[in-house]
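**Q** I'd like to ask you about the structure that follows.
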Amino acid sequence: MNAVKPTHDGRAAVLGAVAAALRSHPGSVQMPLDTAKRTSAAPPDASGPETLARTFIASAQALGATVSVVDDVEACAAMLGPDLLALACSHVAVQSSPLAGAIALRLVDVHSEAAQGMALSALEAMPCAILEARAFFADTGCALILADNPEDRVLPYLPRTCCIVGTLDRVHASLESEDQAELHVAVDAGMRGEALIIGGPSRTADIEKILILGAHGPADVRIYLIREVEL
Amino acid sequence: MRIQPLASSLQHPRQGANVAAVLQGAIEAKRSVEGQVDWEALRHRAHALKAYTMDHLDRLLVQFEAAFQARGGRILWAASREDAVAHVTSICRSHGVTSVVKGKSMLSEELELNAHLERAGIAAVETDLGEYIVQLAGQGPSHVTAPALHLSRQQIGEVFARRLGIPYSDDPHVLMEAARTRLRNRYLTAGAGITGVNFAAADTGTIVVVENEGNGGLSAAVPPVHIALMGIEKLIPRLRDLPVFLAVLARSATGQKLTSYTHHFLGPPPGRHLYCVLVDAGRSTMLADPRLREALYCIRCGACLNVCPVYRRAGGLAYGSTYAGPIGSVITPQLRGGSAAAQLPYASSLCGACKQECPVMIDLPHQLVYLRSKAVRDGKTADSDERWMMRAFTWCMRRPWAYRMASAVVRVALPHNVPGLQRWTRRRRLPRPPAQSFRQWWRRR
């Protein structure tokens with residue numbers, strides 16, 4: 001039950017003022033046509049997944065992320081496990097996603113726990129998170145994460161190391177709207193929570209414009225692109 | 001025209017050097033990423049979308065309200081700054097909130113929200129590093145995307161040592177870690193998180209916040225209540241229009257293709273609360289004036305500040321208002337009013353660099369000139385000395401014999417310390433007058 005009631009007077013006042021402003025000087029601008037020309041310099045999806053993957057890897061690495069391409073889920077776990085142990089991460093919090101869960105189950109010598117249902121203080125203490133990306137964007141080196149529960153929403157930020165897994169066929173050329181099908185499907189389906197586009201480690205340059213990685217979020221972002229997934 | 005704090009902002013030589021070098025770096029970073037895309041096409045499209053949005057703002061606001069509330073969020077409407085503050089305070093009280101964490105929000109600065117919350121017994125801590133630094137220093141932000149731009153690392157180290165009780169260090173990594181450690185606990189114990197809104201899609205009711213640090217995501221996701229403060233001008237028509245704005249904002253603000261985090265808030269998950277406070281507070285006044293409506297297109301990137309010769313020399317604090325630089329000089333008189341704000345449009349050389357740089361193509365120079373004429377009409381111009389001098393100048397320019405006599409007097413008097421001009425000449429070197437006027441030279445040729 002919502003604790004704050006809407007203030008109808010405020011609504012009438014604001015909308016009344018806006019309507020009066022537009023009546024006094026009505027605008028005539030029509031909705032701009034959707035241009036066919038792409039404004040991004042990235043190659044279109046027709047380039048093929050391997051080409052897009054190469055572009056994505058270069059873009060993501062420029063942001064400070066590390067990217068690996070693996071053949072399947074077993075290979076991903078076989079690479080991710082030792083990577084985590086090298087970082088002294090023997091515990092991981094896992095997003096509630098089939099792919100992230102499948103990889104976590106295959107980790108050796110790393111204890112995994114589903115984030116959903118964990119206390120926030122416990123999540124804060126976790127050194128690493130595993131999340132599934134629903135899409136990757138080659139021109140910017142970014143990944144799309146969908147989180148519909150409170151614990152998954154904080155996973156990209158709380159642990160110091162963030163591991164993102166996803167399939168190679170989900171690498172798109174750019175953030176142009178036609179490449180964001182996964183986002184629009186989730187939104188149109190009424191998803192609640194957050195759709196996050198994440199590009200590399202957390203950063204700040206607020207002190208004399210000196211770049212620091214790992215401001216409030218993770219300093220270490222690792223991306224694993226998987227060629228084939230059978231769950 | 002005087003900008004009151006100008007002298008004090010120039011007193012610390014290191015501050016001036018900091019600002020100039022940093023802003024130049026920001027301009028160069030923007031140039032390097034502009035060239036990777038069809039930049040002019042992006043600017044034109046962003047401008048057209050914003051123009052459409054403002055021309056249909058009433059309908060789009062209603063559409064946004066319906067879509068946002070269909071996802072479980074609640075909209076609160078604020079006609080004034082006072083209403084906005086009252087809404088936020090009321091939300092906090094209704095949820096028993098005694099401390100809030102804040103993501104970066106220029107609107108919250110405009111509302112002076114922190115001070116009001118403190119008076120209501122609600123502790124508010126800024127989480128953006130730059131905002132956290134200036135909050136500890138007891139100052140306001142000096143730049144829309146780099147709030148602590150005017151402070152050196154040594155000054156920041158002194159602030160941290162004094163306010164946080166940690167050993168002095170001017171190492172940015174040490175200072176960031178100190179901030180991160182202290183703010184972690186604040187996130188986990190806060191009852192509410194307050195963020196701004198960069199864009200809001202009317203068709204889907206999606207709120208979009210962009211940032212690099214992760215503090216915005218934490219402020220929104222960790223506490224059980226999320227309050228999003230949004231100016232009514234932040235709407236865009238459709239979610240599919242967002243990529244254009246993300247592309248121009250990141251490039252213009254920080255020289256990036258995209259910020260580290262782009263949050264699309266889609267309604268509260270089960271057990272959580274999401275409020276959006278829609279704020280007018282003078283924006284409909286700008287909407288009603290066709291010559292100022294374009295100022296509402298602003299996406300708060302700060303690019304106009306970076307290239308403005310006045311801002312680069314004086315710094316953001318010299319403007320004495322939340323918004324500095326060219327855009328600040330246009331919108332502050334509308335949002336704040338008053339004779340002091342009416343002087344801000346004069347803080348410009350009208351060089352036009354801001355218009356060249358603006359990613360949504362706001363014609364700032366024309367707006368500044370318009371506001372100057374408006375200030376004259378409204379009797380809010382400078383003091384009687386300046387009005388007297390302008391009348392005398394007009395009288396003289398209409399009479400050739402008077403103009404020739406005045407020119408001769410100036411040529412004789414200029415090298416000397418003329419009484420009444422000391423304030424002007426204290427920091428300026430006057431030019432050496434020629435030995436003869438052009439007419440005299442021409443006659444002798």
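Lettering and numbering for the structure tokens are positional, with chains as A, B, ... in the shown order, residues counted from 1 in each chain, and ligands counted from 1 in the shown order.
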Within 6 Å of chain A, which residues of chain B are there when counting only C-alpha atoms? Please give them as a VMD selection string.
**A** chain B and resid 37 to 38 52 55 58 76 to 79 130 146 180 212 to 215 240 243 260 to 269 284 287 to 288
**Q** Create the file for the chosen residues now, containing N, CA, C and O atoms and written as a compact mmCIF listing (two decimals), in the first residue's frame.
**A**
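Dumped to again-v3.txt:
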# COMPACT_ATOMS: atom_id res chain seq x y z
N VAL B 37 31.58 9.45 -34.88
CA VAL B 37 30.18 9.29 -35.26
C VAL B 37 29.80 10.45 -36.17
O VAL B 37 30.56 11.40 -36.35
N ASP B 38 28.58 10.39 -36.71
CA ASP B 38 28.05 11.50 -37.49
C ASP B 38 27.51 12.53 -36.49
O ASP B 38 26.31 12.57 -36.19
N TYR B 52 10.21 18.72 -30.31
CA TYR B 52 8.92 18.03 -30.32
C TYR B 52 8.41 17.83 -28.90
O TYR B 52 7.23 18.06 -28.60
N ASP B 55 7.10 21.06 -27.39
CA ASP B 55 5.87 21.52 -28.05
C ASP B 55 4.67 20.65 -27.70
O ASP B 55 3.54 21.03 -27.94
N ASP B 58 2.55 18.89 -22.50
CA ASP B 58 1.39 18.59 -21.65
C ASP B 58 0.93 17.15 -21.87
O ASP B 58 0.70 16.39 -20.93
N LEU B 76 4.50 12.43 -8.03
CA LEU B 76 4.08 13.57 -7.21
C LEU B 76 4.44 14.83 -7.99
O LEU B 76 5.53 14.94 -8.54
N TRP B 77 3.52 15.77 -8.04
CA TRP B 77 3.69 16.96 -8.86
C TRP B 77 4.06 18.16 -7.98
O TRP B 77 3.41 18.40 -6.96
N ALA B 78 5.07 18.90 -8.38
CA ALA B 78 5.53 20.05 -7.60
C ALA B 78 5.54 21.28 -8.49
O ALA B 78 6.35 21.37 -9.41
N ALA B 79 4.64 22.22 -8.24
CA ALA B 79 4.60 23.44 -9.03
C ALA B 79 5.74 24.38 -8.65
O ALA B 79 6.21 25.16 -9.47
N GLY B 130 32.59 13.97 -6.19
CA GLY B 130 32.72 15.42 -6.26
C GLY B 130 31.73 16.14 -5.36
O GLY B 130 32.09 17.09 -4.66
N ALA B 146 31.53 18.15 -12.90
CA ALA B 146 32.74 18.02 -12.06
C ALA B 146 32.61 18.99 -10.88
O ALA B 146 33.22 20.06 -10.88
N ARG B 180 34.82 5.84 -0.25
CA ARG B 180 34.09 4.60 -0.51
C ARG B 180 33.77 3.87 0.79
O ARG B 180 32.64 3.42 1.01
N ASN B 212 29.10 7.37 -13.75
CA ASN B 212 30.31 6.57 -13.89
C ASN B 212 30.73 5.86 -12.60
O ASN B 212 31.46 4.88 -12.66
N GLU B 213 30.31 6.38 -11.47
CA GLU B 213 30.88 5.87 -10.21
C GLU B 213 30.15 4.64 -9.66
O GLU B 213 30.74 3.86 -8.94
N GLY B 214 28.88 4.52 -9.94
CA GLY B 214 28.09 3.44 -9.34
C GLY B 214 27.30 3.91 -8.13
O GLY B 214 26.47 3.17 -7.60
N ASN B 215 27.54 5.16 -7.70
CA ASN B 215 26.82 5.65 -6.52
C ASN B 215 25.34 5.85 -6.81
O ASN B 215 24.49 5.68 -5.93
N ARG B 240 12.85 4.43 -27.44
CA ARG B 240 13.71 4.20 -28.61
C ARG B 240 14.44 5.46 -29.05
O ARG B 240 15.35 5.39 -29.86
N PRO B 243 18.90 6.35 -27.33
CA PRO B 243 20.30 6.22 -27.76
C PRO B 243 20.91 7.52 -28.30
O PRO B 243 22.10 7.77 -28.09
N SER B 260 29.78 4.72 -17.64
CA SER B 260 29.95 3.35 -17.14
C SER B 260 28.63 2.68 -16.82
O SER B 260 28.48 1.47 -16.97
N TYR B 261 27.66 3.47 -16.35
CA TYR B 261 26.37 2.89 -15.97
C TYR B 261 25.25 3.71 -16.60
O TYR B 261 25.22 4.94 -16.45
N THR B 262 24.35 3.04 -17.28
CA THR B 262 23.12 3.66 -17.77
C THR B 262 21.97 2.87 -17.15
O THR B 262 21.72 1.72 -17.50
N HIS B 263 21.31 3.50 -16.19
CA HIS B 263 20.25 2.81 -15.44
C HIS B 263 18.90 3.11 -16.08
O HIS B 263 18.56 4.28 -16.28
N HIS B 264 18.15 2.09 -16.37
CA HIS B 264 16.75 2.23 -16.80
C HIS B 264 15.91 1.70 -15.63
O HIS B 264 15.84 0.50 -15.40
N PHE B 265 15.30 2.61 -14.89
CA PHE B 265 14.48 2.18 -13.75
C PHE B 265 13.07 1.92 -14.24
O PHE B 265 12.41 2.81 -14.82
N LEU B 266 12.60 0.70 -14.03
CA LEU B 266 11.37 0.23 -14.66
C LEU B 266 10.26 -0.02 -13.65
O LEU B 266 9.37 -0.83 -13.89
N GLY B 267 10.29 0.64 -12.53
CA GLY B 267 9.28 0.39 -11.52
C GLY B 267 9.87 -0.39 -10.37
O GLY B 267 10.87 -1.09 -10.54
N PRO B 268 9.29 -0.29 -9.20
CA PRO B 268 9.89 -0.92 -8.02
C PRO B 268 9.69 -2.43 -8.02
O PRO B 268 8.61 -2.92 -8.35
N PRO B 269 10.73 -3.20 -7.66
CA PRO B 269 10.54 -4.63 -7.47
C PRO B 269 9.65 -4.86 -6.24
O PRO B 269 9.41 -3.91 -5.48
N SER B 284 7.79 26.12 -16.65
CA SER B 284 6.67 26.45 -17.52
C SER B 284 6.76 27.92 -17.95
O SER B 284 6.25 28.28 -19.02
N LEU B 287 8.83 27.81 -20.88
CA LEU B 287 8.08 27.18 -21.96
C LEU B 287 7.17 28.19 -22.64
O LEU B 287 6.95 28.14 -23.85
N ALA B 288 6.65 29.13 -21.86
CA ALA B 288 5.70 30.11 -22.39
C ALA B 288 6.37 31.16 -23.24
O ALA B 288 5.70 31.86 -24.01
**Q** List every residue of segment 106-143 of chain A that DSSP, applied to the backbone, labels as helix (DSSP H, G or I), and write the result as a list in words.
**A** Leu120, Ser121, Ala122, Leu123, Glu124 and Ala125 of chain A
**Q** Just want the 8 Å neighbourhood of Ile299 of chain B, counted on only C-alpha atoms, with same-chain residues fewer than 3 positions away dropped. Output as a ChimeraX atom specification.
**A** /B:198,234,249,360
**Q** How far is it from atom CA of Met389 of chain B to atom CA of Gly325 of chain B, in Å with one decimal?
**A**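 Spanning atom CA of Met389 of chain B to atom CA of Gly325 of chain B is a straight-line distance of 27.7 Å.
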**Q** Taking the DSSP secondary structure from the backbone, can you list the residues of segment 132-309 of chain B that are strand (DSSP E), as an MDAnalysis selection string?
**A** chainID B and resid 192:195 199:201 206:211 225:231 235:236 261:265 273:279
**Q** Can you work out the spacing between atom CA of Ala408 of chain B and atom CA of Pro433 of chain B in Å, to one decimal?
**A**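 Interatomic distance here is 10.1 Å.
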**Q** Applying 8 Å and only C-alpha atoms, which residues near Gly205 of chain B remain after dropping the ones on its own chain fewer than 5 positions away? List them as an MDAnalysis selection string.
**A** chainID B and resid 63:69 71 200 266
**Q** Counting only C-alpha atoms, what is within 9 Å of Ala77 of chain A, bar same-chain residues fewer than 2 positions away, as number ranges by chain?
**A** A: 72-75, 79-82, 102-108
**Q** Of the candidates B:Val222, B:His56, B:His273, B:Arg119, which one gets nearest to Leu235 of chain B if we count only C-alpha atoms?
**A** B:His56
**Q** Can you tell me, as JSON, numbers by chain, what residues are no more than 10 Å from segment 133-142 of chain B when counting only C-alpha atoms, ignoring any on the same chain fewer than 6 positions away?
**A** {"A": [206, 207], "B": [19, 106, 109, 114, 125, 126, 127, 148, 149, 150, 151, 155, 156, 157, 158, 159, 160, 162, 163, 164, 175, 179, 311, 315, 316, 317, 318, 319, 320, 321, 322, 323, 324, 325]}
**Q** With a distance cut-off of 10 Å and only C-alpha atoms, select the neighbouring residues of Leu107 of chain B, excluding the residue or stretch itself and same-chain residues fewer than 4 positions from it, and output the selection as a list in words.
**A** Arg81, Leu111, Glu112, Leu113, Thr195, Gly196, Val197, Leu229, Met230, Gly231, Val279, Thr322 and Tyr323 of chain B
